[in-house]
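**Student:** What follows is final_22.csv, made up of CSV, C-alpha atoms and all ligand atoms:
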```
chain,number,residue,atom,x,y,z
A,1,MET,CA,-17.9,14.4,-5.7
A,2,SER,CA,-17.0,11.5,-7.8
A,3,HIS,CA,-13.2,11.8,-8.2
A,4,ASN,CA,-10.9,9.0,-7.3
A,5,ILE,CA,-9.0,10.2,-4.2
A,6,LEU,CA,-5.9,8.3,-5.3
A,7,ASN,CA,-5.6,10.7,-8.3
A,8,TYR,CA,-5.5,13.6,-5.8
A,9,PHE,CA,-2.6,12.0,-3.9
A,10,GLY,CA,-0.9,11.2,-7.2
A,11,GLN,CA,-1.1,14.8,-8.3
A,12,ILE,CA,0.5,16.1,-5.0
A,13,ASN,CA,3.1,13.4,-4.7
A,14,GLY,CA,1.4,12.1,-1.6
A,15,ALA,CA,3.7,9.6,0.2
A,16,PHE,CA,3.2,6.9,2.8
A,17,ILE,CA,-0.6,6.9,2.3
A,18,HIS,CA,-1.4,4.2,4.8
A,19,ALA,CA,-2.0,3.7,8.6
A,20,ARG,CA,0.9,5.2,10.7
A,21,GLY,CA,2.6,6.5,7.5
A,22,ARG,CA,6.4,6.7,7.6
A,23,ALA,CA,6.7,4.8,10.9
A,24,ALA,CA,4.8,1.8,9.5
A,25,THR,CA,6.9,1.9,6.3
A,26,LEU,CA,10.1,1.7,8.4
A,27,LYS,CA,8.6,-1.3,10.2
A,28,ILE,CA,7.8,-3.0,6.9
A,29,ILE,CA,11.4,-2.3,5.7
A,30,GLU,CA,12.8,-3.9,8.9
A,31,LEU,CA,10.6,-7.0,8.3
A,32,LEU,CA,11.6,-7.1,4.6
A,33,ASP,CA,15.3,-7.3,5.6
A,34,CYS,CA,16.4,-7.0,2.0
A,35,LYS,CA,19.6,-8.9,1.0
A,36,PRO,CA,21.9,-8.5,-2.0
A,37,GLY,CA,20.7,-10.5,-4.9
A,38,GLN,CA,17.2,-10.9,-3.7
A,39,THR,CA,14.1,-10.0,-5.8
A,40,VAL,CA,11.5,-7.9,-4.1
A,41,LEU,CA,8.1,-6.7,-5.5
A,42,GLU,CA,5.9,-3.9,-4.2
A,43,LEU,CA,2.3,-4.2,-5.1
A,44,GLY,CA,0.7,-0.7,-5.4
A,45,PHE,CA,3.7,1.6,-5.1
A,46,GLY,CA,1.7,4.8,-5.2
A,47,THR,CA,4.1,7.7,-5.8
A,48,GLY,CA,7.1,5.5,-5.1
A,49,ALA,CA,8.4,6.9,-1.8
A,50,THR,CA,9.0,3.4,-0.3
A,51,LEU,CA,10.6,2.1,-3.5
A,52,THR,CA,12.9,5.1,-3.6
A,53,TYR,CA,14.0,4.6,0.0
A,54,LEU,CA,14.5,0.9,-0.5
A,55,SER,CA,16.4,1.1,-3.8
A,56,SER,CA,18.7,3.8,-2.5
A,57,VAL,CA,19.6,1.9,0.6
A,58,TYR,CA,19.7,-1.7,-0.8
A,59,LYS,CA,21.5,-1.0,-4.0
A,60,ASN,CA,22.2,-4.7,-4.8
A,61,THR,CA,18.6,-5.9,-4.4
A,62,SER,CA,16.3,-5.9,-7.5
A,63,PHE,CA,13.0,-4.2,-7.0
A,64,THR,CA,9.9,-4.4,-9.1
A,65,GLY,CA,6.8,-2.4,-8.6
A,66,TYR,CA,3.2,-2.9,-9.9
A,67,ASP,CA,0.5,-0.3,-9.9
A,68,ALA,CA,-2.8,0.0,-11.7
A,69,SER,CA,-3.0,3.8,-11.8
A,70,PRO,CA,-1.3,5.7,-14.7
A,71,VAL,CA,-1.2,8.8,-12.5
A,72,MET,CA,0.7,6.9,-9.8
A,73,PHE,CA,2.9,5.3,-12.3
A,74,GLU,CA,4.0,8.6,-13.7
A,75,ALA,CA,4.5,10.1,-10.3
A,76,ALA,CA,6.6,7.2,-9.1
A,77,ALA,CA,8.7,7.1,-12.3
A,78,LYS,CA,9.4,10.8,-11.8
A,79,ARG,CA,10.3,10.4,-8.2
A,80,LEU,CA,12.7,7.6,-8.8
A,81,LYS,CA,14.4,9.4,-11.6
A,82,PHE,CA,14.6,12.7,-9.7
A,83,CYS,CA,16.3,10.9,-6.8
A,84,SER,CA,18.5,8.8,-9.1
A,85,ALA,CA,17.1,5.7,-7.4
A,86,ASP,CA,15.8,4.1,-10.6
A,87,LYS,CA,18.7,1.8,-11.5
A,88,ASN,CA,17.6,-1.3,-9.6
A,89,VAL,CA,13.8,-0.7,-10.0
A,90,LYS,CA,11.4,-1.8,-12.7
A,91,LEU,CA,8.0,-0.3,-12.6
A,92,LYS,CA,5.1,-2.0,-14.3
A,93,LEU,CA,1.7,-0.5,-15.0
A,94,ILE,CA,-0.7,-3.4,-14.6
A,95,GLN,CA,-4.4,-4.0,-15.4
A,96,PRO,CA,-6.5,-4.6,-12.3
A,97,GLY,CA,-8.3,-8.0,-12.4
A,98,GLN,CA,-5.7,-9.6,-14.7
A,99,ASN,CA,-3.0,-12.0,-13.6
A,100,PHE,CA,0.3,-10.3,-12.6
A,101,PRO,CA,2.8,-10.0,-15.5
A,102,ASP,CA,5.7,-11.9,-14.0
A,103,ASP,CA,6.5,-15.7,-14.0
A,104,SER,CA,5.7,-18.0,-11.1
A,105,ASN,CA,8.4,-18.2,-8.4
A,106,SER,CA,9.9,-14.8,-9.4
A,107,PHE,CA,10.2,-13.1,-6.0
A,108,ASP,CA,11.9,-13.7,-2.7
A,109,LYS,CA,9.7,-11.1,-1.0
A,110,ILE,CA,6.5,-9.2,-1.9
A,111,PHE,CA,5.1,-6.3,0.1
A,112,ALA,CA,2.1,-4.0,0.0
A,113,GLU,CA,1.0,-0.9,2.0
A,114,SER,CA,-2.7,-0.1,1.9
A,115,VAL,CA,-3.4,-1.9,-1.3
A,116,LEU,CA,-4.9,-5.3,-0.4
A,117,ALA,CA,-7.6,-4.0,1.9
A,118,ILE,CA,-9.0,-1.7,-0.8
A,119,GLN,CA,-9.7,-4.7,-3.0
A,120,GLU,CA,-13.4,-5.5,-3.0
A,121,ASP,CA,-15.0,-8.9,-2.0
A,122,GLU,CA,-13.2,-11.9,-3.5
A,123,ARG,CA,-10.7,-9.7,-5.4
A,124,LEU,CA,-8.6,-9.8,-2.2
A,125,LYS,CA,-8.4,-13.6,-2.3
A,126,ASN,CA,-7.7,-13.7,-6.0
A,127,ILE,CA,-4.8,-11.3,-5.6
A,128,LEU,CA,-3.4,-13.3,-2.7
A,129,ILE,CA,-3.5,-16.4,-4.8
A,130,ASP,CA,-1.6,-14.6,-7.6
A,131,ILE,CA,0.9,-13.3,-5.1
A,132,LYS,CA,1.5,-16.8,-3.9
A,133,ARG,CA,2.2,-17.9,-7.4
A,134,LEU,CA,4.8,-15.1,-7.8
A,135,LEU,CA,6.5,-16.0,-4.5
A,136,LYS,CA,9.3,-18.5,-4.4
A,137,HIS,CA,8.8,-21.4,-1.9
A,138,ASN,CA,9.4,-20.0,1.6
A,139,GLY,CA,9.1,-16.5,0.1
A,140,GLU,CA,7.6,-13.8,2.3
A,141,LEU,CA,4.6,-11.5,2.0
A,142,ILE,CA,4.6,-8.5,4.2
A,143,PHE,CA,1.8,-5.9,4.3
A,144,ASN,CA,0.3,-3.0,6.3
A,145,GLU,CA,-3.5,-2.9,5.7
A,146,THR,CA,-6.4,-1.3,7.4
A,147,ILE,CA,-8.8,-3.9,8.9
A,148,TRP,CA,-12.2,-3.4,10.5
A,149,LEU,CA,-12.2,-3.7,14.3
A,150,ASP,CA,-14.2,-6.7,15.8
A,151,THR,CA,-16.7,-4.1,17.1
A,152,VAL,CA,-17.8,-3.2,13.6
A,153,THR,CA,-20.3,-5.6,11.9
A,154,ARG,CA,-19.9,-6.7,8.3
A,155,GLU,CA,-23.1,-4.8,7.5
A,156,GLU,CA,-21.7,-1.6,8.9
A,157,ALA,CA,-18.5,-2.0,7.0
A,158,GLU,CA,-20.4,-2.7,3.7
A,159,LYS,CA,-22.5,0.5,4.2
A,160,ILE,CA,-19.4,2.6,4.8
A,161,ASN,CA,-17.7,1.1,1.8
A,162,LEU,CA,-20.6,1.8,-0.5
A,163,ASP,CA,-20.6,5.5,0.6
A,164,CYS,CA,-16.8,5.7,0.3
A,165,LYS,CA,-16.9,4.2,-3.2
A,166,LYS,CA,-19.4,6.8,-4.3
A,167,ALA,CA,-17.5,9.7,-2.7
A,168,PHE,CA,-13.9,8.8,-3.3
A,169,GLY,CA,-13.8,6.0,-5.9
A,170,ILE,CA,-12.4,3.4,-3.4
A,171,ILE,CA,-13.7,1.4,-0.5
A,172,GLN,CA,-12.2,1.8,3.1
A,173,ALA,CA,-11.4,-1.9,3.7
A,174,ASN,CA,-12.5,-5.2,2.4
A,175,ALA,CA,-15.8,-6.2,4.1
A,176,LYS,CA,-16.0,-9.8,2.9
A,177,TYR,CA,-12.9,-10.6,5.0
A,178,THR,CA,-14.1,-8.2,7.7
A,179,HIS,CA,-12.0,-8.9,10.8
A,180,LEU,CA,-8.4,-9.7,11.5
A,181,SER,CA,-9.3,-13.4,12.2
A,182,ASN,CA,-10.9,-13.6,8.7
A,183,TRP,CA,-7.6,-12.3,7.1
A,184,THR,CA,-5.4,-14.7,9.1
A,185,ASN,CA,-7.7,-17.7,8.3
A,186,LEU,CA,-7.8,-16.8,4.6
A,187,LEU,CA,-4.0,-16.6,4.6
A,188,LYS,CA,-3.7,-20.0,6.3
A,189,ASP,CA,-6.2,-21.5,3.9
A,190,LEU,CA,-4.1,-20.3,1.0
A,191,GLY,CA,-1.0,-22.0,2.3
A,192,PHE,CA,0.7,-19.2,4.1
A,193,GLU,CA,2.2,-19.4,7.6
A,194,VAL,CA,1.5,-16.3,9.6
A,195,GLU,CA,4.7,-15.2,11.3
A,196,VAL,CA,4.0,-11.6,12.5
A,197,VAL,CA,0.9,-9.7,13.4
A,198,PHE,CA,1.7,-6.2,14.6
A,199,HIS,CA,-0.7,-3.5,15.4
A,200,ALA,CA,0.5,-0.3,13.7
A,201,SER,CA,-1.0,1.8,16.4
A,202,ASN,CA,1.9,0.7,18.6
A,203,LEU,CA,4.2,2.8,16.4
A,204,LYS,CA,4.9,6.4,17.2
A,205,HIS,CA,4.0,8.8,14.4
A,206,GLN,CA,7.1,10.0,12.4
A,207,ARG,CA,6.9,13.3,10.5
A,208,PHE,CA,10.1,12.7,8.5
A,209,VAL,CA,12.2,9.6,7.7
A,210,LYS,CA,15.8,9.7,9.0
A,211,PRO,CA,17.8,11.2,6.2
A,212,VAL,CA,19.8,8.1,5.6
A,213,ASN,CA,21.2,9.3,2.2
A,214,TRP,CA,20.8,12.3,-0.2
A,215,GLN,CA,18.3,10.3,-2.3
A,216,VAL,CA,16.0,9.9,0.6
A,217,ILE,CA,16.4,13.7,1.4
A,218,LEU,CA,15.4,14.5,-2.2
A,219,SER,CA,12.4,12.2,-2.0
A,220,GLU,CA,11.3,13.9,1.2
A,221,LEU,CA,11.7,17.4,-0.5
A,222,LEU,CA,9.5,16.2,-3.4
A,223,THR,CA,6.8,15.1,-0.9
A,224,ILE,CA,7.0,18.5,0.8
A,225,GLN,CA,6.8,20.3,-2.5
A,226,GLY,CA,3.6,18.4,-3.2
A,227,LYS,CA,2.1,19.5,0.1
A,228,VAL,CA,3.0,23.1,-0.7
A,229,LYS,CA,1.3,22.7,-4.1
A,230,ALA,CA,-1.8,21.3,-2.4
A,231,VAL,CA,-2.0,24.3,-0.1
A,232,PHE,CA,-1.5,27.0,-2.8
A,233,SER,CA,-3.7,25.5,-5.5
A,234,PRO,CA,-7.3,26.6,-5.0
A,235,LYS,CA,-8.6,23.6,-7.0
A,236,LEU,CA,-6.6,21.1,-4.9
A,237,THR,CA,-7.6,22.8,-1.6
A,238,LYS,CA,-11.2,22.7,-2.6
A,239,GLU,CA,-10.9,19.0,-3.5
A,240,TRP,CA,-9.3,18.1,-0.2
A,241,LYS,CA,-11.9,20.1,1.8
A,242,SER,CA,-14.7,18.3,0.0
A,243,TYR,CA,-13.1,14.9,0.7
A,244,THR,CA,-12.6,15.6,4.4
A,245,LEU,CA,-16.2,16.9,4.8
A,246,GLU,CA,-17.7,13.9,3.0
A,247,MET,CA,-15.5,11.6,5.1
A,248,SER,CA,-16.7,13.1,8.4
A,249,GLN,CA,-20.3,12.5,7.2
A,250,ILE,CA,-19.6,8.9,6.2
A,251,ILE,CA,-17.5,8.0,9.3
A,252,PRO,CA,-18.5,10.4,12.1
A,253,PRO,CA,-15.7,11.1,14.5
A,254,GLY,CA,-15.8,9.7,18.0
A,255,ARG,CA,-15.8,6.0,17.3
A,256,GLN,CA,-12.8,3.9,16.0
A,257,TYR,CA,-13.8,1.6,13.2
A,258,MET,CA,-10.5,0.3,11.7
A,259,GLU,CA,-6.9,-0.3,12.6
A,260,GLY,CA,-3.7,-0.7,10.6
A,261,VAL,CA,-2.2,-4.2,10.9
A,262,ILE,CA,1.2,-5.2,9.7
A,263,ILE,CA,1.3,-8.9,8.8
A,264,LYS,CA,4.2,-11.1,7.7
A,265,VAL,CA,3.5,-14.5,6.2
A,266,ARG,CA,5.6,-17.2,4.6
A,267,ASN,CA,4.7,-19.2,1.5
A,268,VAL,CA,5.1,-22.6,3.0
A,269,LYS,CA,3.0,-25.0,0.9
A,270,ILE,CA,3.7,-25.3,-2.8
A,271,ASP,CA,0.1,-26.1,-3.8
A,272,VAL,CA,-3.1,-25.5,-1.9
B,1,LIG,C1,-3.8,3.9,-0.9
B,1,LIG,S1,-2.6,3.9,-2.2
B,1,LIG,C2,-1.1,3.4,-1.3
B,1,LIG,C3,0.1,3.8,-2.1
B,1,LIG,C4,1.4,3.4,-1.4
B,1,LIG,N1,1.5,2.0,-1.3
B,1,LIG,C5,1.5,4.1,-0.1
B,1,LIG,O1,1.4,3.5,0.9
B,1,LIG,O2,1.7,5.3,-0.2
B,1,LIG,C6,-3.0,2.4,-3.0
B,1,LIG,C7,-2.2,2.2,-4.3
B,1,LIG,O3,-2.5,0.9,-4.8
B,1,LIG,C8,-2.8,0.9,-6.2
B,1,LIG,N2,-3.7,-0.2,-6.5
B,1,LIG,C9,-4.9,-0.4,-6.1
B,1,LIG,N3,-5.4,-1.5,-6.5
B,1,LIG,C10,-4.5,-2.1,-7.3
B,1,LIG,C11,-4.3,-3.3,-8.0
B,1,LIG,N4,-5.4,-4.2,-8.1
B,1,LIG,N5,-3.2,-3.6,-8.6
B,1,LIG,C12,-2.1,-2.7,-8.5
B,1,LIG,N6,-2.2,-1.5,-7.9
B,1,LIG,C13,-3.3,-1.2,-7.2
B,1,LIG,C14,-3.3,2.3,-6.4
B,1,LIG,O4,-3.3,2.8,-7.7
B,1,LIG,C15,-2.5,3.1,-5.4
B,1,LIG,O5,-1.3,3.5,-6.0
```
Reformat the file's structure so that it appears as structure tokens.

**Tutor:**
Amino acid sequence: MSHNILNYFGQINGAFIHARGRAATLKIIELLDCKPGQTVLELGFGTGATLTYLSSVYKNTSFTGYDASPVMFEAAAKRLKFCSADKNVKLKLIQPGQNFPDDSNSFDKIFAESVLAIQEDERLKNILIDIKRLLKHNGELIFNETIWLDTVTREEAEKINLDCKKAFGIIQANAKYTHLSNWTNLLKDLGFEVEVVFHASNLKHQRFVKPVNWQVILSELLTIQGKVKAVFSPKLTKEWKSYTLEMSQIIPPGRQYMEGVIIKVRNVKIDV
């Protein structure tokens, strides 16, 4: 199977596609602590569930989203419009590998959920450098990413990534910066101060987000509709079965390889 699994999630309006799902997103939102007048960027917005939540709750904050996938871009634009949550959000379809399209010092806060870790090799570092450029001095970067456990060697991680890339079109988690200490050292080397390191496994799973407003309810309904579509479409069901079968062969159950880590850093140094 050579499909990109992200297209599958895009087609079914898959939401909160990251470690600990909704619960982790709510933690990210708590850490973001959006204020009126602030500018906030999401890198890799997927089908836009987090942006919909944020823009409907923080109506006086300006949100921008970048994603590299046309399928995700379309799904997120539809979700925001359907939920009437598009007024304070700008979505941008970007080219992976190129510098981000906004000016330096544009954002107070930048966040990502399961986007940085799927960048290969030095691409992770290059993206962090460009994120730093976009952040204002003292701006914050907050992310939830899957990182290999210390018990997994770089060689094991590279082998799994190779197989995943072949089967699903994306790697599991960057193997050059294999472990949590490699990530925190990289962030410090780039001139970020690490303020929070939180293990997502400490959060309790959450099946629904609290219906804080009607826009969030509509967004949840859209996600449920996508799940129903996935169950009743023979093509999508076949695709999902094939993914799960291949995944169980690449990463046999019984051993834990990765964990979700939520990290908040501050852009303290102007130049590195
Ligand atoms: C695993 S999905 C997560 C989506 C969403 N953040 C969530 O948690 O549901 C990764 C997303 O990042 C996007 N992405 C991956 N690499 C990217 C890059 N270099 N620049 C922008 N978006 C990227 C993908 O298109 C996809 O929408």

**Student:** Have a look at A:Leu91, A:Ile217, A:Leu116, A:Leu31 and name the one nearest to ligand LIG 1 (chain B); count all atoms listed in the file.

**Tutor:** A:Leu116

**Student:** Could I get the residue neighbourhood of ligand LIG 1 (chain B) at 9 Å, counting only C-alpha atoms and all ligand atoms, as a ChimeraX atom specification?

**Tutor:** /A:5-7,9-10,14-19,21-22,25,42-50,65-73,93-98,100,112-116,118-119,123-124,127,144,170

**Student:** Could you list, as a list of chain:residue names, every residue within 12 Å of Pro211 (chain A), counting all atoms listed in the file and ignoring same-chain residues fewer than 3 positions away?

**Tutor:**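 Using all atoms listed in the file, the neighbours found are A:Tyr53, A:Ser56, A:Val57, A:Arg207, A:Phe208, A:Trp214, A:Gln215, A:Val216, A:Ile217, A:Leu218, A:Ser219, A:Glu220, A:Leu221.
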
**Student:** Rounded to one decimal in Å, what is the spacing between CA of Ala24 (chain A) and CA of Ile262 (chain A)?

**Tutor:**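 For CA of Ala24 (chain A) relative to CA of Ile262 (chain A), the distance reads 7.9 Å.
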
**Student:** Select, from A:Ala117, A:Ala77, A:Ala173, A:Val197, the residue with the minimum atom-to-atom distance to Val261 (chain A), counting only C-alpha atoms.

**Tutor:** A:Val197

**Student:** Counting only C-alpha atoms, which residue out of A:Ile263, A:Ile110, A:Cys83, A:Leu162 sits closest to Arg133 (chain A)?

**Tutor:** A:Ile110

**Student:** Dump N, CA and C atoms of region 172-205 of chain A from the given block, as a short mmCIF file (atom, residue, chain, number, x, y, z; two decimals), in the first residue's frame.

**Tutor:**
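Okay, this is what ended up in decode35.cif:
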```
data_model
loop_
_atom_site.label_atom_id
_atom_site.label_comp_id
_atom_site.auth_asym_id
_atom_site.auth_seq_id
_atom_site.Cartn_x
_atom_site.Cartn_y
_atom_site.Cartn_z
N GLN A 172 7.33 7.72 11.44
CA GLN A 172 6.69 7.74 12.77
C GLN A 172 7.15 8.95 13.57
N ALA A 173 8.48 9.08 13.68
CA ALA A 173 9.03 10.18 14.48
C ALA A 173 10.49 10.37 14.08
N ASN A 174 10.90 11.64 14.03
CA ASN A 174 12.27 11.95 13.61
C ASN A 174 13.28 11.05 14.35
N ALA A 175 14.22 10.47 13.60
CA ALA A 175 15.18 9.57 14.23
C ALA A 175 16.54 10.23 14.43
N LYS A 176 16.77 11.34 13.73
CA LYS A 176 18.06 12.04 13.93
C LYS A 176 18.09 12.62 15.34
N TYR A 177 16.98 13.25 15.73
CA TYR A 177 16.85 13.73 17.11
C TYR A 177 15.99 12.67 17.81
N THR A 178 16.65 11.58 18.19
CA THR A 178 15.90 10.38 18.56
C THR A 178 15.12 10.54 19.86
N HIS A 179 15.80 11.02 20.90
CA HIS A 179 15.19 10.97 22.24
C HIS A 179 14.85 12.37 22.75
N LEU A 180 14.10 12.39 23.83
CA LEU A 180 13.65 13.66 24.39
C LEU A 180 14.84 14.59 24.67
N SER A 181 15.94 14.04 25.17
CA SER A 181 17.10 14.90 25.49
C SER A 181 17.68 15.52 24.21
N ASN A 182 17.60 14.79 23.08
CA ASN A 182 18.07 15.36 21.81
C ASN A 182 17.19 16.55 21.40
N TRP A 183 15.89 16.42 21.63
CA TRP A 183 14.96 17.52 21.29
C TRP A 183 15.24 18.74 22.17
N THR A 184 15.35 18.52 23.48
CA THR A 184 15.52 19.68 24.37
C THR A 184 16.89 20.34 24.11
N ASN A 185 17.92 19.53 23.81
CA ASN A 185 19.23 20.12 23.50
C ASN A 185 19.17 20.94 22.21
N LEU A 186 18.46 20.40 21.21
CA LEU A 186 18.32 21.12 19.94
C LEU A 186 17.63 22.47 20.18
N LEU A 187 16.55 22.43 20.94
CA LEU A 187 15.79 23.66 21.21
C LEU A 187 16.68 24.69 21.93
N LYS A 188 17.45 24.22 22.90
CA LYS A 188 18.33 25.14 23.64
C LYS A 188 19.41 25.70 22.70
N ASP A 189 19.98 24.83 21.86
CA ASP A 189 21.02 25.27 20.92
C ASP A 189 20.48 26.35 19.97
N LEU A 190 19.18 26.27 19.66
CA LEU A 190 18.60 27.24 18.72
C LEU A 190 18.19 28.54 19.42
N GLY A 191 18.36 28.60 20.73
CA GLY A 191 18.05 29.84 21.45
C GLY A 191 16.66 29.88 22.04
N PHE A 192 16.09 28.70 22.32
CA PHE A 192 14.81 28.64 23.02
C PHE A 192 15.07 28.26 24.48
N GLU A 193 14.22 28.77 25.36
CA GLU A 193 14.29 28.35 26.77
C GLU A 193 13.15 27.36 27.00
N VAL A 194 13.50 26.18 27.51
CA VAL A 194 12.47 25.15 27.72
C VAL A 194 11.73 25.44 29.03
N GLU A 195 10.41 25.66 28.94
CA GLU A 195 9.64 26.01 30.15
C GLU A 195 8.78 24.86 30.66
N VAL A 196 8.25 24.06 29.75
CA VAL A 196 7.37 22.95 30.17
C VAL A 196 7.71 21.70 29.37
N VAL A 197 7.85 20.59 30.07
CA VAL A 197 7.93 19.27 29.41
C VAL A 197 6.90 18.39 30.12
N PHE A 198 5.88 18.00 29.40
CA PHE A 198 4.75 17.31 30.01
C PHE A 198 4.47 16.02 29.22
N HIS A 199 4.41 14.91 29.91
CA HIS A 199 4.18 13.64 29.22
C HIS A 199 2.67 13.44 28.99
N ALA A 200 2.30 13.36 27.73
CA ALA A 200 0.86 13.33 27.39
C ALA A 200 0.16 12.12 28.00
N SER A 201 0.93 11.06 28.32
CA SER A 201 0.30 9.86 28.91
C SER A 201 -0.28 10.17 30.29
N ASN A 202 0.08 11.30 30.88
CA ASN A 202 -0.51 11.67 32.18
C ASN A 202 -1.94 12.20 32.03
N LEU A 203 -2.36 12.42 30.78
CA LEU A 203 -3.71 12.95 30.56
C LEU A 203 -4.69 11.80 30.37
N LYS A 204 -5.90 11.99 30.86
CA LYS A 204 -6.93 10.96 30.67
C LYS A 204 -7.55 11.12 29.27
N HIS A 205 -7.78 10.01 28.58
CA HIS A 205 -8.41 10.08 27.26
C HIS A 205 -9.74 10.81 27.33
#
```
